[in-house]
Amino acid sequence: MNKINGYTEEEAAGLIEYIYTGRHAGKTLSYLFETYGREHNRAKGSVRNYYYAFLRSRADERVQRILAGKDLAAGEIRPFTEAETDEMLKKVLTEKSKGMSVRRAIRNLCGGDEKLMLRMQNKYRNLLKKQPERVRRAAEEAGVPEEKSFLQRRLEREIDALYARIASDLKEENARLRSELEKLRSGRGE
C-alpha cells in the first residue's frame with residue numbers, strides 16, 4: 001500500500017477531489033473538512049491537518065499528479081513573533097479583564113479580519129494550555145488579574161455546586177424542623 005502522509009494514494013486523491021469540487025460549489029473549507037471527516041470516520045481537525053500537509057508536499061510526484069489542474073493552494077504559515085505573542089497576550093488579557101469573552105476580545109483586536117482572529121484564538125488557547133506561566137507573566141505585566149486555569153474554574157464550579165446542594169439540604173431540614181415545631185406547638189395549645 002503506497003501512502004502519502006498516512007493516506008493511501010486513492011484516499012488522498014479522493015480527499016483532494018472532494019475539496020476541489022466543494023470549493024468550486026462555493027463550500028467553505030471548514031464545512032468540507034467536517035463533512036468529509038464525518039463521511040470517512042475521521043476528525044475534522046485530522047482532515048484539515050492532512051489537507052494542508054498534503055499541499056505542502058508538492059515535491060512528491062504523486063502529490064503533483066493528484067493536484068494537476070486543480071487550483072488548490074495553502075497560504076504561507078506565518079507564526080507569531082515572540083514580541084507579537086507577548087503584545088497579543090497583554091491586549092487579550094486586558095480586554096478580558098473588562099468582562100469580555102476571549103472571542104469578543106480577539107474580534108475587537110482584529111477589526112473583522114477573520115483569518116487573524118482564527119490565528120490569534122488558536123495561539124491564545126495554545127498558550128493557555130502549554131505556556132500558562134507566560135500567560136501569568138503577561139497578565140502581571142499588563143496589570144490585570146491572573147487567568148484561571150481550566151482546573152481552577154472547574155474546581156470553583158464544583159465548590160459552588162456543593163454549597164448549593166448543602167444550602168438546599170439545610171433549607172429542607174429547616175422547613176421540616178419548623179413544621180415539627182408547629183405540630184408540637186399546636187398540640188400543646190400554645
# chains A, B, ... in the order shown; residues from 1 in each chain; ligands from 1
>>> select_by_dssp(residues="chain A", states="helix (DSSP H, G or I)", output="ChimeraX atom specification")
/A:9-24,29-39,44-55,61-67,82-97,102-110,114-130,132-142,150-188
>>> closest_atom_pairs(of="range 132-172 of chain A", to="range 74-88 of chain A", cutoff="10 Å", atoms="only C-alpha atoms", output="JSON lines")
{"residue": "A:Arg134", "atom": "CA", "partner": "A:Asp86", "partner_atom": "CA", "distance": 8.4}
{"residue": "A:Val135", "atom": "CA", "partner": "A:Asp86", "partner_atom": "CA", "distance": 8.6}
{"residue": "A:Arg137", "atom": "CA", "partner": "A:Asp86", "partner_atom": "CA", "distance": 9.4}
{"residue": "A:Ala138", "atom": "CA", "partner": "A:Asp86", "partner_atom": "CA", "distance": 6.6}
{"residue": "A:Ala139", "atom": "CA", "partner": "A:Asp86", "partner_atom": "CA", "distance": 9.9}
{"residue": "A:Glu141", "atom": "CA", "partner": "A:Asp86", "partner_atom": "CA", "distance": 9.8}
{"residue": "A:Ala142", "atom": "CA", "partner": "A:Glu87", "partner_atom": "CA", "distance": 9.5}
>>> closest_residue(among="A:Ser179, A:Gln64, A:Thr94, A:Ser186", to="Ile16 in chain A", atoms="only C-alpha atoms")
A:Gln64
>>> atom_distance(atom1="CA of Glu156 in chain A", atom2="CA of Asn174 in chain A")
26.5 Å
>>> atom_distance(atom1="CA of Gln152 in chain A", atom2="CA of Lys96 in chain A")
17.0 Å
>>> atom_distance(atom1="CA of Leu127 in chain A", atom2="CA of Asn108 in chain A")
19.5 Å
>>> closest_residue(among="A:Arg178, A:Arg157, A:Lys90, A:His24", to="Leu72 in chain A", atoms="only C-alpha atoms")
A:His24
>>> select_by_dssp(residues="range 3-189 of chain A", states="strand (DSSP E or B)", output="PDB file with N, CA and C atoms, in the first residue's frame")
ATOM      1  N   LYS A   3       1.449   4.929   0.567  1.00  0.00           N
ATOM      2  CA  LYS A   3       0.797   6.005   1.313  1.00  0.00           C
ATOM      3  C   LYS A   3       1.495   7.342   1.107  1.00  0.00           C
ATOM      4  N   ILE A   4       0.699   8.387   1.222  1.00  0.00           N
ATOM      5  CA  ILE A   4       1.206   9.761   1.188  1.00  0.00           C
ATOM      6  C   ILE A   4       0.795  10.387   2.520  1.00  0.00           C
ATOM      7  N   TYR A   7      -2.293   8.630   4.286  1.00  0.00           N
ATOM      8  CA  TYR A   7      -3.448   8.228   3.486  1.00  0.00           C
ATOM      9  C   TYR A   7      -2.922   7.417   2.309  1.00  0.00           C
ATOM     10  N   THR A   8      -3.721   6.482   1.819  1.00  0.00           N
ATOM     11  CA  THR A   8      -3.335   5.803   0.581  1.00  0.00           C
ATOM     12  C   THR A   8      -3.462   6.830  -0.542  1.00  0.00           C
TER      13      THR A   8
END
>>> residues_around(residues="range 45-62 of chain A", least_positions_apart="2", cutoff="12 Å", atoms="only C-alpha atoms", output="PyMOL selection string")
chain A and resi 2-20+28-43+64-68+70-77
>>> residues_around(residues="Val92 in chain A", least_positions_apart="5", cutoff="8 Å", atoms="only C-alpha atoms", output="ChimeraX atom specification")
/A:102,105-106,109
>>> decode(residues="range 8-146 of chain A", atoms="C-alpha atoms", output="mmCIF file, in the first residue's frame")
data_model
loop_
_atom_site.group_PDB
_atom_site.id
_atom_site.type_symbol
_atom_site.label_atom_id
_atom_site.label_comp_id
_atom_site.auth_asym_id
_atom_site.auth_seq_id
_atom_site.Cartn_x
_atom_site.Cartn_y
_atom_site.Cartn_z
ATOM 1 C CA THR A 8 -3.335 5.803 0.581
ATOM 2 C CA GLU A 9 -2.951 7.478 -2.812
ATOM 3 C CA GLU A 10 -6.608 6.671 -3.512
ATOM 4 C CA GLU A 11 -7.728 8.275 -0.221
ATOM 5 C CA ALA A 12 -5.561 11.339 -0.888
ATOM 6 C CA ALA A 13 -6.910 11.680 -4.436
ATOM 7 C CA GLY A 14 -10.469 11.277 -3.129
ATOM 8 C CA LEU A 15 -9.988 13.981 -0.490
ATOM 9 C CA ILE A 16 -8.426 16.399 -2.969
ATOM 10 C CA GLU A 17 -11.216 15.802 -5.491
ATOM 11 C CA TYR A 18 -13.811 16.298 -2.737
ATOM 12 C CA ILE A 19 -12.207 19.579 -1.647
ATOM 13 C CA TYR A 20 -11.742 20.790 -5.238
ATOM 14 C CA THR A 21 -15.368 20.035 -6.184
ATOM 15 C CA GLY A 22 -16.705 21.512 -2.948
ATOM 16 C CA ARG A 23 -14.678 24.714 -3.256
ATOM 17 C CA HIS A 24 -15.967 25.255 -6.803
ATOM 18 C CA ALA A 25 -19.512 24.715 -5.487
ATOM 19 C CA GLY A 26 -18.928 27.577 -3.025
ATOM 20 C CA LYS A 27 -18.461 25.471 0.124
ATOM 21 C CA THR A 28 -16.068 26.591 2.859
ATOM 22 C CA LEU A 29 -13.020 24.551 3.704
ATOM 23 C CA SER A 30 -14.263 24.168 7.260
ATOM 24 C CA TYR A 31 -17.539 22.680 6.028
ATOM 25 C CA LEU A 32 -15.709 20.366 3.624
ATOM 26 C CA PHE A 33 -13.295 19.135 6.302
ATOM 27 C CA GLU A 34 -16.216 18.421 8.622
ATOM 28 C CA THR A 35 -18.395 16.622 6.066
ATOM 29 C CA TYR A 36 -15.508 14.620 4.614
ATOM 30 C CA GLY A 37 -14.466 13.629 8.129
ATOM 31 C CA ARG A 38 -17.988 12.550 9.024
ATOM 32 C CA GLU A 39 -18.319 10.501 5.825
ATOM 33 C CA HIS A 40 -14.939 8.792 6.324
ATOM 34 C CA ASN A 41 -14.867 8.449 10.131
ATOM 35 C CA ARG A 42 -12.104 10.985 10.585
ATOM 36 C CA ALA A 43 -11.955 14.018 12.831
ATOM 37 C CA LYS A 44 -12.458 17.385 11.128
ATOM 38 C CA GLY A 45 -9.112 18.607 12.516
ATOM 39 C CA SER A 46 -7.349 15.498 11.261
ATOM 40 C CA VAL A 47 -8.730 16.028 7.743
ATOM 41 C CA ARG A 48 -7.722 19.706 7.852
ATOM 42 C CA ASN A 49 -4.197 18.894 9.029
ATOM 43 C CA TYR A 50 -3.796 16.206 6.370
ATOM 44 C CA TYR A 51 -5.022 18.528 3.620
ATOM 45 C CA TYR A 52 -2.503 21.242 4.484
ATOM 46 C CA ALA A 53 0.335 18.741 4.939
ATOM 47 C CA PHE A 54 -0.565 17.281 1.543
ATOM 48 C CA LEU A 55 -0.446 20.713 -0.145
ATOM 49 C CA ARG A 56 2.963 21.357 1.399
ATOM 50 C CA SER A 57 4.281 18.071 -0.062
ATOM 51 C CA ARG A 58 4.383 19.356 -3.653
ATOM 52 C CA ALA A 59 7.885 17.978 -4.199
ATOM 53 C CA ASP A 60 6.381 14.456 -4.250
ATOM 54 C CA GLU A 61 5.496 13.398 -7.825
ATOM 55 C CA ARG A 62 2.353 11.615 -6.620
ATOM 56 C CA VAL A 63 1.145 14.824 -4.966
ATOM 57 C CA GLN A 64 1.881 16.775 -8.159
ATOM 58 C CA ARG A 65 -0.102 14.226 -10.184
ATOM 59 C CA ILE A 66 -3.120 14.382 -7.819
ATOM 60 C CA LEU A 67 -3.072 18.212 -7.762
ATOM 61 C CA ALA A 68 -2.585 18.588 -11.527
ATOM 62 C CA GLY A 69 -5.132 21.019 -12.972
ATOM 63 C CA LYS A 70 -6.561 21.903 -9.580
ATOM 64 C CA ASP A 71 -6.173 25.429 -8.276
ATOM 65 C CA LEU A 72 -5.792 24.437 -4.626
ATOM 66 C CA ALA A 73 -3.243 26.261 -2.545
ATOM 67 C CA ALA A 74 -2.429 26.861 1.091
ATOM 68 C CA GLY A 75 -1.273 30.213 2.287
ATOM 69 C CA GLU A 76 2.119 30.505 3.876
ATOM 70 C CA ILE A 77 2.140 29.789 7.591
ATOM 71 C CA ARG A 78 3.325 32.905 9.348
ATOM 72 C CA PRO A 79 3.995 32.254 13.010
ATOM 73 C CA PHE A 80 3.681 34.989 15.605
ATOM 74 C CA THR A 81 6.992 36.506 16.663
ATOM 75 C CA GLU A 82 7.786 36.490 20.376
ATOM 76 C CA ALA A 83 7.070 40.224 20.571
ATOM 77 C CA GLU A 84 3.751 39.817 18.705
ATOM 78 C CA THR A 85 2.798 36.961 21.013
ATOM 79 C CA ASP A 86 3.501 38.986 24.162
ATOM 80 C CA GLU A 87 1.660 42.035 22.805
ATOM 81 C CA MET A 88 -1.340 39.937 21.725
ATOM 82 C CA LEU A 89 -1.486 38.259 25.144
ATOM 83 C CA LYS A 90 -1.461 41.569 27.003
ATOM 84 C CA LYS A 91 -4.184 43.021 24.776
ATOM 85 C CA VAL A 92 -6.441 39.958 25.044
ATOM 86 C CA LEU A 93 -5.993 39.765 28.824
ATOM 87 C CA THR A 94 -6.707 43.487 29.185
ATOM 88 C CA GLU A 95 -9.922 43.135 27.160
ATOM 89 C CA LYS A 96 -10.910 40.057 29.174
ATOM 90 C CA SER A 97 -10.371 41.968 32.421
ATOM 91 C CA LYS A 98 -13.147 44.311 31.237
ATOM 92 C CA GLY A 99 -15.545 41.355 31.298
ATOM 93 C CA MET A 100 -15.338 40.303 27.657
ATOM 94 C CA SER A 101 -15.110 36.741 26.420
ATOM 95 C CA VAL A 102 -11.908 35.671 24.684
ATOM 96 C CA ARG A 103 -13.717 35.587 21.331
ATOM 97 C CA ARG A 104 -15.125 39.083 21.760
ATOM 98 C CA ALA A 105 -11.748 40.427 22.899
ATOM 99 C CA ILE A 106 -9.990 38.890 19.891
ATOM 100 C CA ARG A 107 -12.710 40.080 17.498
ATOM 101 C CA ASN A 108 -12.261 43.638 18.799
ATOM 102 C CA LEU A 109 -8.480 43.433 18.395
ATOM 103 C CA CYS A 110 -8.645 42.052 14.844
ATOM 104 C CA GLY A 111 -11.051 44.583 13.428
ATOM 105 C CA GLY A 112 -13.031 41.952 11.492
ATOM 106 C CA ASP A 113 -10.049 40.131 9.932
ATOM 107 C CA GLU A 114 -11.337 36.563 10.290
ATOM 108 C CA LYS A 115 -8.051 34.853 9.420
ATOM 109 C CA LEU A 116 -6.211 36.900 12.022
ATOM 110 C CA MET A 117 -8.986 36.181 14.518
ATOM 111 C CA LEU A 118 -8.570 32.444 13.997
ATOM 112 C CA ARG A 119 -4.778 32.668 14.267
ATOM 113 C CA MET A 120 -5.000 34.707 17.478
ATOM 114 C CA GLN A 121 -7.637 32.477 19.018
ATOM 115 C CA ASN A 122 -5.615 29.342 18.296
ATOM 116 C CA LYS A 123 -2.420 30.961 19.575
ATOM 117 C CA TYR A 124 -4.134 32.145 22.762
ATOM 118 C CA ARG A 125 -5.608 28.691 23.503
ATOM 119 C CA ASN A 126 -2.269 27.059 22.809
ATOM 120 C CA LEU A 127 -0.526 29.443 25.204
ATOM 121 C CA LEU A 128 -3.105 28.827 27.939
ATOM 122 C CA LYS A 129 -2.590 25.104 27.624
ATOM 123 C CA LYS A 130 1.143 24.834 27.015
ATOM 124 C CA GLN A 131 2.640 28.016 28.493
ATOM 125 C CA PRO A 132 0.470 29.085 31.442
ATOM 126 C CA GLU A 133 3.475 30.748 33.102
ATOM 127 C CA ARG A 134 3.833 33.039 30.074
ATOM 128 C CA VAL A 135 0.156 33.971 30.324
ATOM 129 C CA ARG A 136 0.586 34.726 34.051
ATOM 130 C CA ARG A 137 3.625 36.888 33.303
ATOM 131 C CA ALA A 138 1.771 38.809 30.574
ATOM 132 C CA ALA A 139 -1.186 39.371 32.918
ATOM 133 C CA GLU A 140 1.184 40.674 35.584
ATOM 134 C CA GLU A 141 2.918 42.997 33.101
ATOM 135 C CA ALA A 142 -0.441 44.274 31.833
ATOM 136 C CA GLY A 143 -1.655 44.786 35.404
ATOM 137 C CA VAL A 144 -4.711 42.541 35.014
ATOM 138 C CA PRO A 145 -5.949 39.676 37.210
ATOM 139 C CA GLU A 146 -4.347 36.311 36.566
#
